[in-house]
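target_8.txt (compact mmCIF, C-alpha atoms) appears below.
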```txt
# COMPACT_ATOMS: atom_id res chain seq x y z
CA ASP A 153 0.00 0.00 0.00
CA ASN A 154 2.85 2.40 0.83
CA LEU A 155 4.54 1.60 -2.46
CA ILE A 156 1.28 2.18 -4.35
CA GLN A 157 0.81 5.54 -2.62
CA GLU A 158 4.40 6.62 -3.37
CA THR A 159 4.05 5.66 -7.04
CA VAL A 160 0.73 7.51 -7.38
CA GLN A 161 2.26 10.62 -5.80
CA GLU A 162 5.22 10.43 -8.19
CA MET A 163 2.83 10.10 -11.15
CA GLU A 164 0.77 13.08 -9.98
CA LYS A 165 3.91 15.18 -9.58
CA LEU A 166 5.17 14.25 -13.05
CA SER A 167 1.73 14.88 -14.58
CA ARG A 168 1.77 18.43 -13.19
CA ILE A 169 5.27 18.95 -14.62
CA ILE A 170 4.14 17.72 -18.05
CA GLN A 171 1.07 19.96 -17.99
CA GLY A 172 3.27 22.93 -17.11
CA LEU A 173 5.73 22.04 -19.87
CA MET A 174 2.92 21.72 -22.41
CA GLN A 175 1.58 25.14 -21.46
CA ASP A 176 5.06 26.70 -21.81
CA LEU A 177 6.29 24.83 -24.89
CA LEU A 178 3.06 25.02 -26.91
CA ILE A 179 2.90 28.79 -26.36
CA ARG A 180 6.54 29.91 -26.16
CA ASP A 181 8.64 27.06 -27.63
CA ILE A 182 12.29 26.24 -26.83
CA ASP A 183 15.38 27.50 -28.60
CA GLU A 184 18.28 25.48 -30.07
CA ASN A 185 19.84 25.22 -26.59
CA GLY A 186 16.74 23.73 -25.02
CA ASN A 187 15.75 26.91 -23.15
CA ILE A 188 12.20 28.30 -23.16
CA ARG A 189 12.11 31.42 -25.31
CA ASN A 190 11.85 34.80 -23.58
CA ASN A 191 11.59 38.47 -24.54
CA GLU A 192 15.36 38.84 -24.74
CA SER A 193 15.98 35.91 -27.10
CA SER A 194 12.87 36.09 -29.30
CA THR A 195 10.23 38.41 -30.71
CA PHE A 196 6.69 37.80 -29.48
CA ILE A 197 3.31 38.91 -30.75
CA GLU A 198 -0.01 39.19 -28.93
CA CYS A 199 -2.87 36.94 -30.03
CA ARG A 200 -6.13 35.66 -28.53
CA TYR A 201 -4.18 32.78 -26.93
CA GLY A 202 -1.59 35.01 -25.30
CA ARG A 203 1.93 35.96 -26.38
CA ILE A 204 3.44 33.61 -28.97
CA PRO A 205 6.70 33.68 -31.01
CA GLY A 206 6.40 36.08 -33.94
CA SER A 207 7.31 33.37 -36.46
CA TRP A 208 4.37 31.14 -35.46
CA GLN A 209 1.10 30.93 -37.32
CA ILE A 210 -2.46 30.18 -36.22
CA SER A 211 -4.27 27.69 -38.42
CA THR A 212 -7.45 25.63 -38.29
CA LEU A 213 -7.20 21.86 -38.03
CA GLU A 214 -8.88 21.50 -41.41
CA LYS A 215 -6.10 23.41 -43.17
CA ILE A 216 -3.21 21.37 -41.74
CA THR A 217 -4.65 17.85 -41.98
CA GLU A 218 -5.20 15.45 -44.86
CA LYS A 219 -8.37 13.94 -43.42
CA ILE A 220 -10.88 14.37 -40.59
CA ALA A 221 -13.60 11.72 -40.65
CA ASP A 222 -15.88 9.48 -38.65
CA ARG A 223 -17.86 6.35 -39.54
CA ASP A 224 -21.56 5.56 -39.81
CA HIS A 225 -23.42 6.44 -36.62
CA ARG A 226 -24.78 3.02 -35.73
CA THR A 227 -23.98 0.48 -33.03
CA PRO A 228 -22.07 -2.45 -34.55
CA GLN A 229 -22.59 -6.16 -33.99
CA TYR A 230 -20.14 -7.38 -31.35
CA VAL A 231 -18.53 -10.83 -31.50
CA ASP A 232 -16.21 -12.83 -29.23
CA GLU A 233 -13.36 -12.81 -31.75
CA GLY A 234 -12.71 -10.42 -34.58
CA ILE A 235 -11.29 -6.95 -35.19
CA LEU A 236 -10.82 -4.66 -32.20
CA ILE A 237 -13.12 -1.64 -32.06
CA VAL A 238 -12.08 1.34 -29.92
CA SER A 239 -14.57 3.47 -28.00
CA PRO A 240 -14.12 6.28 -25.40
CA LYS A 241 -14.31 3.71 -22.56
CA ASP A 242 -11.09 2.11 -23.80
CA PHE A 243 -8.83 5.07 -22.96
CA ASP A 244 -6.73 4.67 -19.81
CA GLU A 245 -5.73 7.37 -17.33
CA LEU A 246 -2.91 8.53 -19.64
CA ASP A 247 -5.23 8.80 -22.66
CA ASN A 248 -3.70 5.72 -24.28
CA ILE A 249 -5.82 2.87 -25.67
CA ASN A 250 -6.27 -0.16 -23.42
CA PHE A 251 -6.88 -2.94 -25.95
CA GLU A 252 -7.85 -5.38 -23.20
CA THR A 253 -11.15 -3.56 -22.72
CA CYS A 254 -12.00 -3.24 -26.43
CA ASN A 255 -14.94 -5.08 -27.99
CA HIS A 256 -14.63 -7.02 -31.26
CA ILE A 257 -16.54 -6.76 -34.53
CA PRO A 258 -16.64 -9.07 -37.60
CA SER A 259 -14.10 -8.46 -40.36
CA SER A 260 -16.98 -7.63 -42.71
CA GLU A 261 -18.04 -4.68 -40.52
CA HIS A 262 -14.43 -3.56 -40.20
CA LEU A 263 -14.12 -3.40 -43.99
CA VAL A 264 -17.24 -1.23 -44.16
CA ASN A 265 -15.78 1.11 -41.53
CA LYS A 266 -12.52 1.39 -43.49
CA ASN A 267 -14.40 3.04 -46.35
CA LYS A 268 -14.64 6.13 -44.14
CA THR A 269 -12.04 5.67 -41.39
CA ASP A 270 -9.03 3.86 -42.87
CA LEU A 271 -6.77 4.15 -39.84
CA ARG A 272 -3.00 3.86 -40.31
CA PRO A 273 0.13 4.70 -38.26
CA ASN A 274 0.48 8.40 -37.36
CA ASP A 275 -3.27 8.98 -37.57
CA ILE A 276 -4.92 10.25 -34.39
CA VAL A 277 -8.08 8.76 -32.92
CA PHE A 278 -10.12 11.41 -31.16
CA THR A 279 -13.23 11.11 -28.98
CA GLN A 280 -15.94 13.47 -30.22
CA ILE A 281 -18.92 12.26 -28.18
CA SER A 282 -19.51 11.09 -24.61
CA VAL A 283 -17.83 11.64 -21.23
CA GLY A 284 -14.36 11.09 -22.69
CA LEU A 285 -14.78 13.94 -25.17
CA GLY A 286 -11.46 15.42 -26.29
CA LYS A 287 -9.21 12.42 -25.62
CA ALA A 288 -6.63 11.77 -28.33
CA CYS A 289 -4.21 8.92 -29.05
CA LEU A 290 -1.68 8.40 -31.82
CA VAL A 291 -1.94 5.21 -33.88
CA SER A 292 1.47 3.47 -33.86
CA GLU A 293 3.09 0.73 -35.93
CA ASP A 294 2.89 -1.82 -33.11
CA MET A 295 -0.87 -1.49 -32.63
CA PRO A 296 -3.19 -4.27 -33.87
CA GLU A 297 -5.64 -3.58 -36.69
CA LEU A 298 -8.58 -1.66 -35.31
CA SER A 299 -11.85 0.12 -36.02
CA ILE A 300 -13.36 3.04 -34.13
CA LEU A 301 -16.86 3.48 -32.76
CA HIS A 302 -19.16 6.21 -34.13
CA SER A 303 -18.27 8.35 -31.09
CA MET A 304 -14.69 8.61 -32.37
CA ALA A 305 -13.07 10.53 -35.21
CA GLN A 306 -9.98 9.96 -37.35
CA ILE A 307 -7.52 12.84 -37.80
CA ARG A 308 -4.70 12.44 -40.33
CA PRO A 309 -1.97 15.11 -40.10
CA ASN A 310 -0.40 16.63 -43.18
CA ASN A 311 3.23 15.72 -42.51
CA ASN A 312 4.47 18.62 -44.64
CA VAL A 313 3.21 21.15 -42.11
CA GLU A 314 2.29 19.22 -38.96
CA GLN A 315 4.26 16.58 -37.08
CA PRO A 316 1.86 13.89 -35.74
CA GLU A 317 3.32 13.96 -32.20
CA TYR A 318 3.08 17.75 -32.07
CA LEU A 319 -0.56 17.62 -33.16
CA LEU A 320 -1.27 15.00 -30.49
CA TYR A 321 0.16 17.18 -27.71
CA SER A 322 -1.62 20.24 -29.13
CA LEU A 323 -4.96 18.41 -28.94
CA ARG A 324 -4.24 17.55 -25.30
CA SER A 325 -3.20 21.10 -24.41
CA PHE A 326 -5.22 23.53 -22.31
CA ASN A 327 -5.91 25.84 -25.28
CA LEU A 328 -7.37 23.07 -27.43
CA GLN A 329 -9.28 21.46 -24.58
CA LYS A 330 -10.90 24.85 -23.84
CA GLN A 331 -11.86 25.22 -27.51
CA ILE A 332 -13.34 21.71 -27.41
CA MET A 333 -15.44 22.49 -24.34
CA ASP A 334 -16.59 25.78 -25.90
CA GLY A 335 -17.64 23.93 -29.06
CA ILE A 336 -19.89 21.32 -27.43
CA GLN A 337 -23.19 21.17 -29.33
CA SER A 338 -25.37 19.21 -26.89
CA ILE A 339 -26.68 19.99 -23.42
CA GLY A 340 -27.08 16.28 -22.58
CA VAL A 341 -24.35 13.97 -23.93
CA PRO A 342 -21.27 16.07 -24.85
CA ASP A 343 -20.96 16.15 -28.65
CA LEU A 344 -18.39 17.83 -30.91
CA GLY A 345 -19.29 17.45 -34.59
CA LEU A 346 -16.79 17.07 -37.42
CA GLU A 347 -17.28 20.66 -38.57
CA LYS A 348 -16.41 21.91 -35.08
CA ILE A 349 -13.33 19.68 -35.01
CA LYS A 350 -12.19 21.05 -38.37
CA GLN A 351 -12.39 24.62 -37.05
CA LEU A 352 -10.27 24.00 -33.93
CA GLU A 353 -7.31 26.38 -34.02
CA ILE A 354 -3.71 25.19 -33.72
CA LEU A 355 -0.59 27.22 -32.95
CA LEU A 356 1.84 26.27 -35.69
CA PRO A 357 5.65 26.55 -35.34
CA THR A 358 8.05 25.27 -38.01
CA ILE A 359 8.50 21.49 -38.35
CA LYS A 360 11.94 21.81 -36.74
CA GLU A 361 10.45 23.58 -33.73
CA GLN A 362 7.59 21.07 -33.55
CA LYS A 363 10.10 18.21 -33.33
CA ARG A 364 12.02 19.92 -30.51
CA ILE A 365 8.82 20.45 -28.53
CA SER A 366 7.57 16.90 -29.13
CA THR A 367 10.90 15.36 -28.10
CA VAL A 368 10.84 17.09 -24.71
CA LEU A 369 7.21 16.20 -24.02
CA ALA A 370 7.59 12.59 -25.24
CA SER A 371 10.61 12.05 -22.98
CA ASN A 372 8.59 12.96 -19.88
CA ASP A 373 5.57 11.10 -21.23
CA ASN A 374 7.60 7.88 -21.48
CA ILE A 375 8.68 8.20 -17.84
CA LEU A 376 5.03 8.61 -16.84
CA LYS A 377 4.05 5.54 -18.88
CA GLY A 378 6.76 3.56 -17.09
CA LEU A 379 5.40 4.60 -13.70
CA TYR A 380 1.86 3.70 -14.79
CA SER A 381 3.05 0.25 -15.89
CA GLU A 382 4.86 -0.18 -12.56
CA LEU A 383 1.72 0.81 -10.66
CA LYS A 384 -0.31 -1.85 -12.49
CA LYS A 385 2.26 -4.50 -11.53
CA ILE A 386 2.25 -3.43 -7.87
CA ASN A 387 -1.56 -3.55 -7.78
CA GLN A 388 -1.52 -7.03 -9.30
CA LEU A 389 1.03 -8.12 -6.69
CA LYS A 390 -1.15 -6.72 -3.92
CA GLN A 391 -4.23 -8.55 -5.25
CA GLY A 392 -2.25 -11.79 -5.37
CA LEU A 393 -1.01 -11.33 -1.80
CA MET A 394 -4.52 -10.57 -0.56
CA GLN A 395 -5.85 -13.70 -2.23
CA ASP A 396 -3.14 -15.89 -0.70
CA LEU A 397 -3.25 -14.38 2.80
CA LEU A 398 -7.01 -13.95 3.19
CA THR A 399 -7.74 -17.52 2.07
CA GLY A 400 -5.03 -19.08 4.23
CA LYS A 401 -3.13 -20.35 1.20
CA VAL A 402 -0.05 -18.63 2.63
CA ARG A 403 0.19 -18.22 6.42
CA VAL A 404 1.16 -14.78 7.71
CA ASN A 405 3.78 -16.18 10.08
CA ALA A 406 5.45 -18.07 7.25
CA LEU A 407 5.51 -14.92 5.12
CA LEU A 408 7.01 -12.84 7.93
CA LYS A 409 9.76 -15.39 8.48
CA ASN A 410 10.70 -15.17 4.80
```
Encoding of this model in structure tokens:
Amino acid sequence: DNLIQETVQEMEKLSRIIQGLMQDLLIRDIDENGNIRNNESSTFIECRYGRIPGSWQISTLEKITEKIADRDHRTPQYVDEGILIVSPKDFDELDNINFETCNHIPSSEHLVNKNKTDLRPNDIVFTQISVGLGKACLVSEDMPELSILHSMAQIRPNNNVEQPEYLLYSLRSFNLQKQIMDGIQSIGVPDLGLEKIKQLEILLPTIKEQKRISTVLASNDNILKGLYSELKKINQLKQGLMQDLLTGKVRVNALLKN
């Protein structure tokens, strides 16, 4: 229990650091030496999102992506074995996809979905409906083949102007999350339509700057993922110990001697 508490506290601390970094880097950037830009080293301009480097642009998502799409709005037929289908419930605490919780659909339905949402590596899956509205995850090479539910959207970056990792962190940033909340179309179930998604505004540095920002954020993100994986292992160990000790399978005295 103490180890679990310590790990959770470490994760919370690192999460706050990452959020602070995102706010700084996605507004002010870092220079070639890895330092956050300031008034002395860079020229800034005022915009509706605050003070940003003068060389940056503001663009809508529609203008810097190759594709923004969703699939037919109907509930699919679920099967015991088949192609994984991702829904908002399948995002973990770090906004990554937990494939263990995903349902399955027949290959025939998956092929129909691919006519509209042909997911491939470096695409982003984005929740546009439900409680998990605004969650985003990058599709990677090591992921299994998958479909998305009608409450999800596919976003394909234009690699000539937008690095996929930078777009991912931008979508998770405070500025974008505020735009998402402001754009909700429904009073009941939160809903952000495709047209609203297309009009979300992105702060756009050069590709070189985007890579620098993404590298810093990804480095901290990987540490957080490692802590999250460690926490899952500790919880599993605790559950195993509880099962053994509370059923008498392992006697407490014997455990203490060891």
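Coordinates place CA of Leu369 (chain A) at a distance of 11.0 Å from CA of Ser167 (chain A).
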With distances taken over all atoms listed in the file, which of A:Glu164, A:Asp242, A:Asp176, A:Glu361 is nearest to Gly284 (chain A)? A:Asp242
Between CA of Gln329 (chain A) and CA of Thr195 (chain A), what distance in Å does the model show, to one decimal? 26.6 Å
Skip Leu320 (chain A) itself and residues of its chain fewer than 6 positions away, then list as a count of residues only all residues within 7 Å of it, counting only C-alpha atoms. 3
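Take the candidates A:Asn154, A:Ser303, A:Ser282, A:Asn312 and check each one against Lys390 (chain A) using all atoms listed in the file; the shortest distance goes to A:Asn154.
For the residues A:Leu328, A:Val231, A:Ile386, A:Leu177, ranking by smallest atom-to-atom distance to Pro205 (chain A) using all atoms listed in the file places A:Leu177 first.
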Residue contacts of Met163 (chain A) (7 Å, only C-alpha atoms) excluding same-chain residues fewer than 4 positions away, as a list in words: Thr159, Ser167, Leu376 and Leu379 of chain A
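Ranking A:Lys360, A:Val160, A:Ile204, A:Ile197 by their shortest atom-to-atom distance to Lys384 (chain A), with all atoms listed in the file included, puts A:Val160 first.
In this comparison, which uses all atoms listed in the file, the residue of A:Glu293, A:Gln171, A:Asp247, A:Ser207 approaching Tyr380 (chain A) most closely is A:Asp247.
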If we count all atoms listed in the file, what is near Met333 (chain A) at a cut-off of 12 Å, once residues fewer than 3 positions away on the same chain are taken out, given as a ChimeraX atom specification? /A:280-281,283-287,326-330,336-339,342-344,348-349,352
For C-alpha atoms, I'd like the residues from the last selection saved as a short mmCIF file (atom, residue, chain, number, x, y, z; two decimals), in the frame of the given file.
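Output saved as result_5.cif:
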```cif
data_model
loop_
_atom_site.label_atom_id
_atom_site.label_comp_id
_atom_site.auth_asym_id
_atom_site.auth_seq_id
_atom_site.Cartn_x
_atom_site.Cartn_y
_atom_site.Cartn_z
CA GLN A 280 -15.94 13.47 -30.22
CA ILE A 281 -18.92 12.26 -28.18
CA VAL A 283 -17.83 11.64 -21.23
CA GLY A 284 -14.36 11.09 -22.69
CA LEU A 285 -14.78 13.94 -25.17
CA GLY A 286 -11.46 15.42 -26.29
CA LYS A 287 -9.21 12.42 -25.62
CA PHE A 326 -5.22 23.53 -22.31
CA ASN A 327 -5.91 25.84 -25.28
CA LEU A 328 -7.37 23.07 -27.43
CA GLN A 329 -9.28 21.46 -24.58
CA LYS A 330 -10.90 24.85 -23.84
CA ILE A 336 -19.89 21.32 -27.43
CA GLN A 337 -23.19 21.17 -29.33
CA SER A 338 -25.37 19.21 -26.89
CA ILE A 339 -26.68 19.99 -23.42
CA PRO A 342 -21.27 16.07 -24.85
CA ASP A 343 -20.96 16.15 -28.65
CA LEU A 344 -18.39 17.83 -30.91
CA LYS A 348 -16.41 21.91 -35.08
CA ILE A 349 -13.33 19.68 -35.01
CA LEU A 352 -10.27 24.00 -33.93
#
```
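With CA of Thr227 (chain A) on one side and CA of Pro309 (chain A) on the other, the separation reads 27.4 Å.
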Using all atoms listed in the file, determine which residues lie at most 8 Å from Asp275 (chain A), disregarding the query and same-chain residues fewer than 3 positions distant; provide the list as a VMD selection string. chain A and resid 271 to 272 290 to 291 306 to 309 316
I want to know what sits within 9 Å of Asn265 (chain A), based on all atoms listed in the file, with residues of the same chain fewer than 5 positions away left out; could you give that as a VMD selection string? chain A and resid 222 to 224 260 270 299 to 300
Dump of C-alpha atoms for the selected residues, as a PDB file, keeping the file's coordinate frame:
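As written to disk, selection_17.pdb reads:
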```pdb
ATOM      1  CA  ASP A 222     -15.880   9.480 -38.650  1.00  0.00           C
ATOM      2  CA  ARG A 223     -17.860   6.350 -39.540  1.00  0.00           C
ATOM      3  CA  ASP A 224     -21.560   5.560 -39.810  1.00  0.00           C
ATOM      4  CA  SER A 260     -16.980  -7.630 -42.710  1.00  0.00           C
ATOM      5  CA  ASP A 270      -9.030   3.860 -42.870  1.00  0.00           C
ATOM      6  CA  SER A 299     -11.850   0.120 -36.020  1.00  0.00           C
ATOM      7  CA  ILE A 300     -13.360   3.040 -34.130  1.00  0.00           C
TER       8      ILE A 300
END
```
Between A:Leu383, A:Cys199, A:Leu346, A:Ile179, single out the one closest to Glu162 (chain A), counting all atoms listed in the file. A:Leu383
